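Below is the file data_27.cif, which contains mmCIF, C-alpha atoms.
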```cif
data_upload
#
loop_
_atom_site.label_atom_id
_atom_site.label_comp_id
_atom_site.auth_asym_id
_atom_site.auth_seq_id
_atom_site.Cartn_x
_atom_site.Cartn_y
_atom_site.Cartn_z
CA MET Q 1 0.00 0.00 0.00
CA PRO Q 2 1.61 3.34 -1.02
CA LEU Q 3 2.48 5.97 1.59
CA GLN Q 4 -0.33 8.28 0.49
CA ASP Q 5 -2.84 5.57 1.51
CA HIS Q 6 -1.42 5.49 5.06
CA LEU Q 7 -1.41 9.22 5.78
CA PRO Q 8 -3.65 12.16 4.84
CA PRO Q 9 -2.02 14.79 2.58
CA LEU Q 10 -1.15 17.31 5.32
CA ASN Q 11 0.44 14.65 7.53
CA ARG Q 12 2.29 13.16 4.56
CA GLU Q 13 3.70 16.57 3.63
CA PHE Q 14 4.98 17.15 7.18
CA VAL Q 15 6.60 13.70 7.38
CA ALA Q 16 8.22 14.11 3.95
CA HIS Q 17 9.58 17.54 4.88
CA PHE Q 18 11.23 16.22 8.05
CA GLY Q 19 12.82 13.48 6.01
CA GLU Q 20 14.27 16.02 3.59
CA MET Q 21 15.47 18.26 6.41
CA GLY Q 22 17.03 15.39 8.35
CA SER Q 23 20.37 15.48 6.55
CA ARG Q 24 20.67 19.22 7.17
CA TRP Q 25 20.21 18.60 10.90
CA GLY Q 26 22.71 15.75 11.04
CA ILE Q 27 20.24 12.86 11.02
CA ASN Q 28 19.22 10.58 8.21
CA ARG Q 29 15.98 10.71 6.29
CA THR Q 30 14.48 7.67 8.01
CA VAL Q 31 15.03 9.08 11.51
CA GLY Q 32 13.53 12.42 10.47
CA GLN Q 33 10.41 10.78 9.09
CA ILE Q 34 9.97 8.50 12.12
CA TYR Q 35 10.22 11.48 14.43
CA ALA Q 36 7.76 13.52 12.36
CA LEU Q 37 5.25 10.67 12.36
CA LEU Q 38 5.48 10.26 16.14
CA PHE Q 39 5.24 14.02 16.66
CA ILE Q 40 1.92 14.34 14.85
CA SER Q 41 0.45 11.01 15.93
CA PRO Q 42 -2.39 11.29 18.48
CA ASN Q 43 -1.36 7.94 19.97
CA ALA Q 44 1.87 6.16 20.79
CA LEU Q 45 2.93 3.82 17.96
CA ASN Q 46 4.80 0.53 17.98
CA ALA Q 47 7.63 -0.27 15.58
CA ASP Q 48 5.42 -2.41 13.33
CA GLU Q 49 2.91 0.43 12.92
CA ILE Q 50 5.69 2.87 12.10
CA ALA Q 51 7.25 0.47 9.58
CA GLU Q 52 3.91 -0.16 7.88
CA THR Q 53 2.93 3.52 7.74
CA LEU Q 54 6.27 4.74 6.39
CA GLU Q 55 7.01 1.60 4.37
CA PHE Q 56 10.37 1.12 6.09
CA SER Q 57 11.96 -2.16 7.08
CA ARG Q 58 11.51 -3.18 10.70
CA SER Q 59 15.31 -3.05 11.22
CA ASN Q 60 15.50 0.54 9.91
CA VAL Q 61 12.70 1.55 12.25
CA SER Q 62 14.44 -0.11 15.22
CA MET Q 63 17.71 1.70 14.48
CA GLY Q 64 15.88 5.00 13.99
CA LEU Q 65 14.02 4.62 17.29
CA LYS Q 66 17.28 3.86 19.11
CA GLU Q 67 18.81 7.03 17.71
CA LEU Q 68 15.78 9.10 18.70
CA GLN Q 69 15.91 7.60 22.21
CA ALA Q 70 19.62 8.49 22.43
CA TRP Q 71 18.63 12.08 21.62
CA ARG Q 72 15.81 11.82 24.22
CA LEU Q 73 13.31 12.88 21.56
CA VAL Q 74 10.99 9.88 21.92
CA ARG Q 75 9.68 8.11 24.97
CA LEU Q 76 9.04 4.43 25.42
CA ARG Q 77 5.57 3.40 26.62
CA HIS Q 78 3.97 0.08 27.46
CA GLN Q 79 0.28 -0.66 27.14
CA PRO Q 80 -1.62 -3.02 29.42
CA GLY Q 81 -1.90 -6.53 27.98
CA ASP Q 82 0.48 -5.75 25.10
CA ARG Q 83 4.10 -6.87 25.22
CA ARG Q 84 5.13 -4.59 22.35
CA GLU Q 85 6.95 -1.32 22.98
CA TYR Q 86 5.19 1.88 21.99
CA PHE Q 87 6.84 5.21 21.27
CA GLU Q 88 5.70 8.81 21.44
CA ALA Q 89 7.21 12.27 21.11
CA PRO Q 90 6.93 14.59 24.13
CA ALA Q 91 3.72 16.57 23.90
CA ASP Q 92 5.24 19.89 25.01
CA VAL Q 93 7.08 21.58 22.13
CA TRP Q 94 9.10 23.68 24.60
CA GLU Q 95 10.33 20.46 26.22
CA ILE Q 96 11.31 19.12 22.77
CA PHE Q 97 13.25 22.30 21.99
CA ARG Q 98 14.95 22.24 25.41
CA VAL Q 99 16.04 18.61 25.07
CA LEU Q 100 17.26 19.09 21.50
CA ALA Q 101 19.23 22.20 22.48
CA GLU Q 102 20.78 20.39 25.47
CA GLU Q 103 21.81 17.43 23.33
CA ARG Q 104 23.31 19.62 20.62
CA ARG Q 105 25.17 21.56 23.28
CA ARG Q 106 26.56 18.37 24.84
CA ARG Q 107 27.57 16.86 21.50
CA GLU Q 108 28.76 19.94 19.61
CA VAL Q 109 29.25 23.06 21.73
CA GLU Q 110 30.92 21.61 24.85
CA PRO Q 111 33.74 19.88 22.90
CA THR Q 112 34.44 23.15 21.07
CA LEU Q 113 34.49 25.14 24.31
CA SER Q 114 36.81 22.55 25.85
CA MET Q 115 39.20 22.80 22.90
CA LEU Q 116 39.16 26.60 23.04
CA ARG Q 117 39.83 26.64 26.81
CA THR Q 118 42.83 24.37 26.29
CA ALA Q 119 44.12 26.55 23.44
CA LEU Q 120 43.79 29.69 25.57
CA LEU Q 121 46.02 28.15 28.25
CA GLU Q 122 48.85 27.74 25.74
CA THR Q 123 51.65 30.29 25.55
CA PRO Q 124 51.83 31.54 21.95
CA GLY Q 125 55.32 31.47 20.46
CA THR Q 126 54.80 33.55 17.32
CA ASP Q 127 52.79 36.54 16.15
CA ALA Q 128 50.63 34.20 14.09
CA GLU Q 129 49.83 32.12 17.19
CA ARG Q 130 49.11 35.27 19.24
CA HIS Q 131 46.70 36.47 16.56
CA ALA Q 132 45.05 33.03 16.33
CA GLN Q 133 44.75 32.80 20.12
CA GLU Q 134 43.10 36.23 20.31
CA ARG Q 135 40.56 35.17 17.69
CA MET Q 136 39.97 31.97 19.66
CA ARG Q 137 39.42 34.04 22.82
CA GLU Q 138 36.76 36.10 21.03
CA MET Q 139 35.03 32.91 19.87
CA HIS Q 140 35.27 31.35 23.34
CA ASP Q 141 33.87 34.44 25.03
CA LEU Q 142 30.92 34.68 22.66
CA ILE Q 143 30.02 30.99 22.95
CA ASP Q 144 30.48 31.10 26.72
CA ARG Q 145 28.20 34.12 27.01
CA LEU Q 146 25.56 32.46 24.80
CA MET Q 147 25.68 29.31 26.94
CA THR Q 148 25.30 31.38 30.12
CA TRP Q 149 22.26 33.06 28.55
CA PHE Q 150 20.90 29.67 27.51
CA ASP Q 151 21.31 28.37 31.08
CA ASP Q 152 19.41 31.41 32.39
CA VAL Q 153 16.58 30.84 29.89
CA GLN Q 154 16.46 27.14 30.82
CA LYS Q 155 15.67 28.13 34.42
CA LEU Q 156 12.60 30.09 33.34
CA ALA Q 157 9.13 28.60 33.28
CA PRO Q 158 8.14 27.82 29.65
CA GLU Q 159 5.44 30.51 29.69
CA THR Q 160 7.97 33.13 30.84
CA ALA Q 161 10.56 32.04 28.25
CA LEU Q 162 8.00 32.25 25.45
CA GLN Q 163 6.91 35.69 26.67
CA LEU Q 164 10.56 36.80 26.70
CA MET Q 165 11.00 35.59 23.12
CA GLY Q 166 7.91 37.54 22.09
CA MET Q 167 9.51 40.71 23.45
CA GLY Q 168 12.43 40.55 20.99
CA SER Q 169 11.95 43.87 19.16
CA THR Q 170 10.83 45.65 22.36
CA VAL Q 171 14.00 44.60 24.18
CA THR Q 172 16.10 45.70 21.19
CA ARG Q 173 14.50 49.16 21.21
CA VAL Q 174 15.08 49.53 24.97
CA LEU Q 175 18.75 48.56 24.59
CA GLU Q 176 19.21 50.96 21.67
CA LEU Q 177 17.66 53.77 23.75
CA LYS Q 178 19.98 52.92 26.63
CA ASP Q 179 22.98 53.00 24.27
CA ARG Q 180 21.95 56.42 22.91
CA LEU Q 181 21.53 57.81 26.44
CA THR Q 182 24.88 56.45 27.62
CA GLY Q 183 26.76 57.10 24.38
CA LYS Q 184 27.62 53.42 23.96
CA GLY Q 185 26.91 50.99 21.15
CA ALA Q 186 27.59 53.21 18.15
CA ARG Q 187 26.96 51.46 14.85
CA GLY Q 188 29.95 49.49 13.73
CA ALA Q 189 31.57 49.62 17.17
CA ARG Q 190 32.90 46.36 18.52
CA PRO Q 191 31.22 45.03 21.65
CA GLU Q 192 33.15 45.58 24.85
CA LYS Q 193 35.63 42.81 25.57
CA LEU Q 194 34.36 40.18 27.92
CA PRO Q 195 36.45 39.36 30.98
CA ASP Q 196 38.77 36.39 30.69
CA ALA Q 197 37.27 33.12 31.84
CA ALA Q 198 38.53 32.12 35.25
#
```
Take the structure in this file and express it as structure tokens.
Amino acid sequence: MPLQDHLPPLNREFVAHFGEMGSRWGINRTVGQIYALLFISPNALNADEIAETLEFSRSNVSMGLKELQAWRLVRLRHQPGDRREYFEAPADVWEIFRVLAEERRRREVEPTLSMLRTALLETPGTDAERHAQERMREMHDLIDRLMTWFDDVQKLAPETALQLMGMGSTVTRVLELKDRLTGKGARGARPEKLPDAA
């Protein structure tokens, strides 16, 4: 039975899009489609249902579910009287974003910060190394500040965080007014240097 017979057009379009976007996000097409299907499904699905709906092999579905579990993007559920495992995506989209951001940070950002911290402890021996180390310090300081901001946002209740995001242009206007009043932040000026990490 073709895929269009398993899913209505809107659902099929969403699932197909996530498959296409998967490679851009560092996951394969199968994993992207499995996640999309679970995200829009009103009920938890077992591996056989996923395989039948998406026309994937059972082994591909099993591998995809393991990867999604490693990312903490799907949850395992059991149903009374049924020995099969069922899977669902978290219902709260803020929780999904938070988990995805944490995982990307752990896998991608933290190793980069660690490398930069180590490089900043080195004593440069040439002008080229001094220049490179200064550029690395700028990168480290920016990433470190972003991660501190991210940690602060993580502590907020989801409703407060969403409200803060909705204030984007208002906050920008307030900061620009503050800069005009204090004479700071002229266009093209570099941001003040952040203090060295302890």
(request) For the structure shown, which residues end up in the PyMOL selection byres ((chain Q and resi 45) around 7)? Put them as a PyMOL selection string, please? (result) chain Q and resi 43-44+46-47+49-50+86-88
(request) Starting from the shown file, work through the PyMOL selection byres ((chain Q and resi 29) around 12) and note down what comes out as number ranges by chain. (result) Q: 15-28, 30-36, 54, 56, 60-61, 64
Around all listed atoms of segment 131-147 of chain Q, padded 5 Å per side, what centre and edge lengths does the axis-aligned box have in Å to one decimal, as AutoDock Vina command-line options?
```
--center_x 36.1 --center_y 32.9 --center_z 21.7 --size_x 31.1 --size_y 17.2 --size_z 20.7
```
(message) Rounded to one decimal, what separation in Å do you get between atom CA of Gln163 of chain Q and atom CA of Asp151 of chain Q?
(response)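 Atom CA of Asp151 of chain Q lies 16.7 Å from atom CA of Gln163 of chain Q.
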(request) Quote the spacing between atom CA of Glu55 of chain Q and atom CA of Arg72 of chain Q in Å to one decimal place. (result) 24.0 Å
(request) Could you check how far atom CA of Gly183 of chain Q sits from atom CA of Thr170 of chain Q, in Å to one decimal? (result) 19.7 Å
For this file, the PyMOL selection byres ((chain Q and resi 74) around 7) selects which residues, as a compact mmCIF listing (two decimals) with C-alpha atoms, in the frame of the given file?
```
# COMPACT_ATOMS: atom_id res chain seq x y z
CA LEU Q 68 15.78 9.10 18.70
CA GLN Q 69 15.91 7.60 22.21
CA ARG Q 72 15.81 11.82 24.22
CA LEU Q 73 13.31 12.88 21.56
CA ARG Q 75 9.68 8.11 24.97
CA LEU Q 76 9.04 4.43 25.42
CA PHE Q 87 6.84 5.21 21.27
CA GLU Q 88 5.70 8.81 21.44
CA ALA Q 89 7.21 12.27 21.11
CA PRO Q 90 6.93 14.59 24.13
```
(message) List as number ranges by chain the protein and nucleic acid residues near Leu113 of chain Q, meaning an atom at most 10 Å away when only C-alpha atoms are counted, but skip any in the same chain fewer than 2 places from it.
(response) Q: 108-111, 115-119, 136, 139-141, 143-144
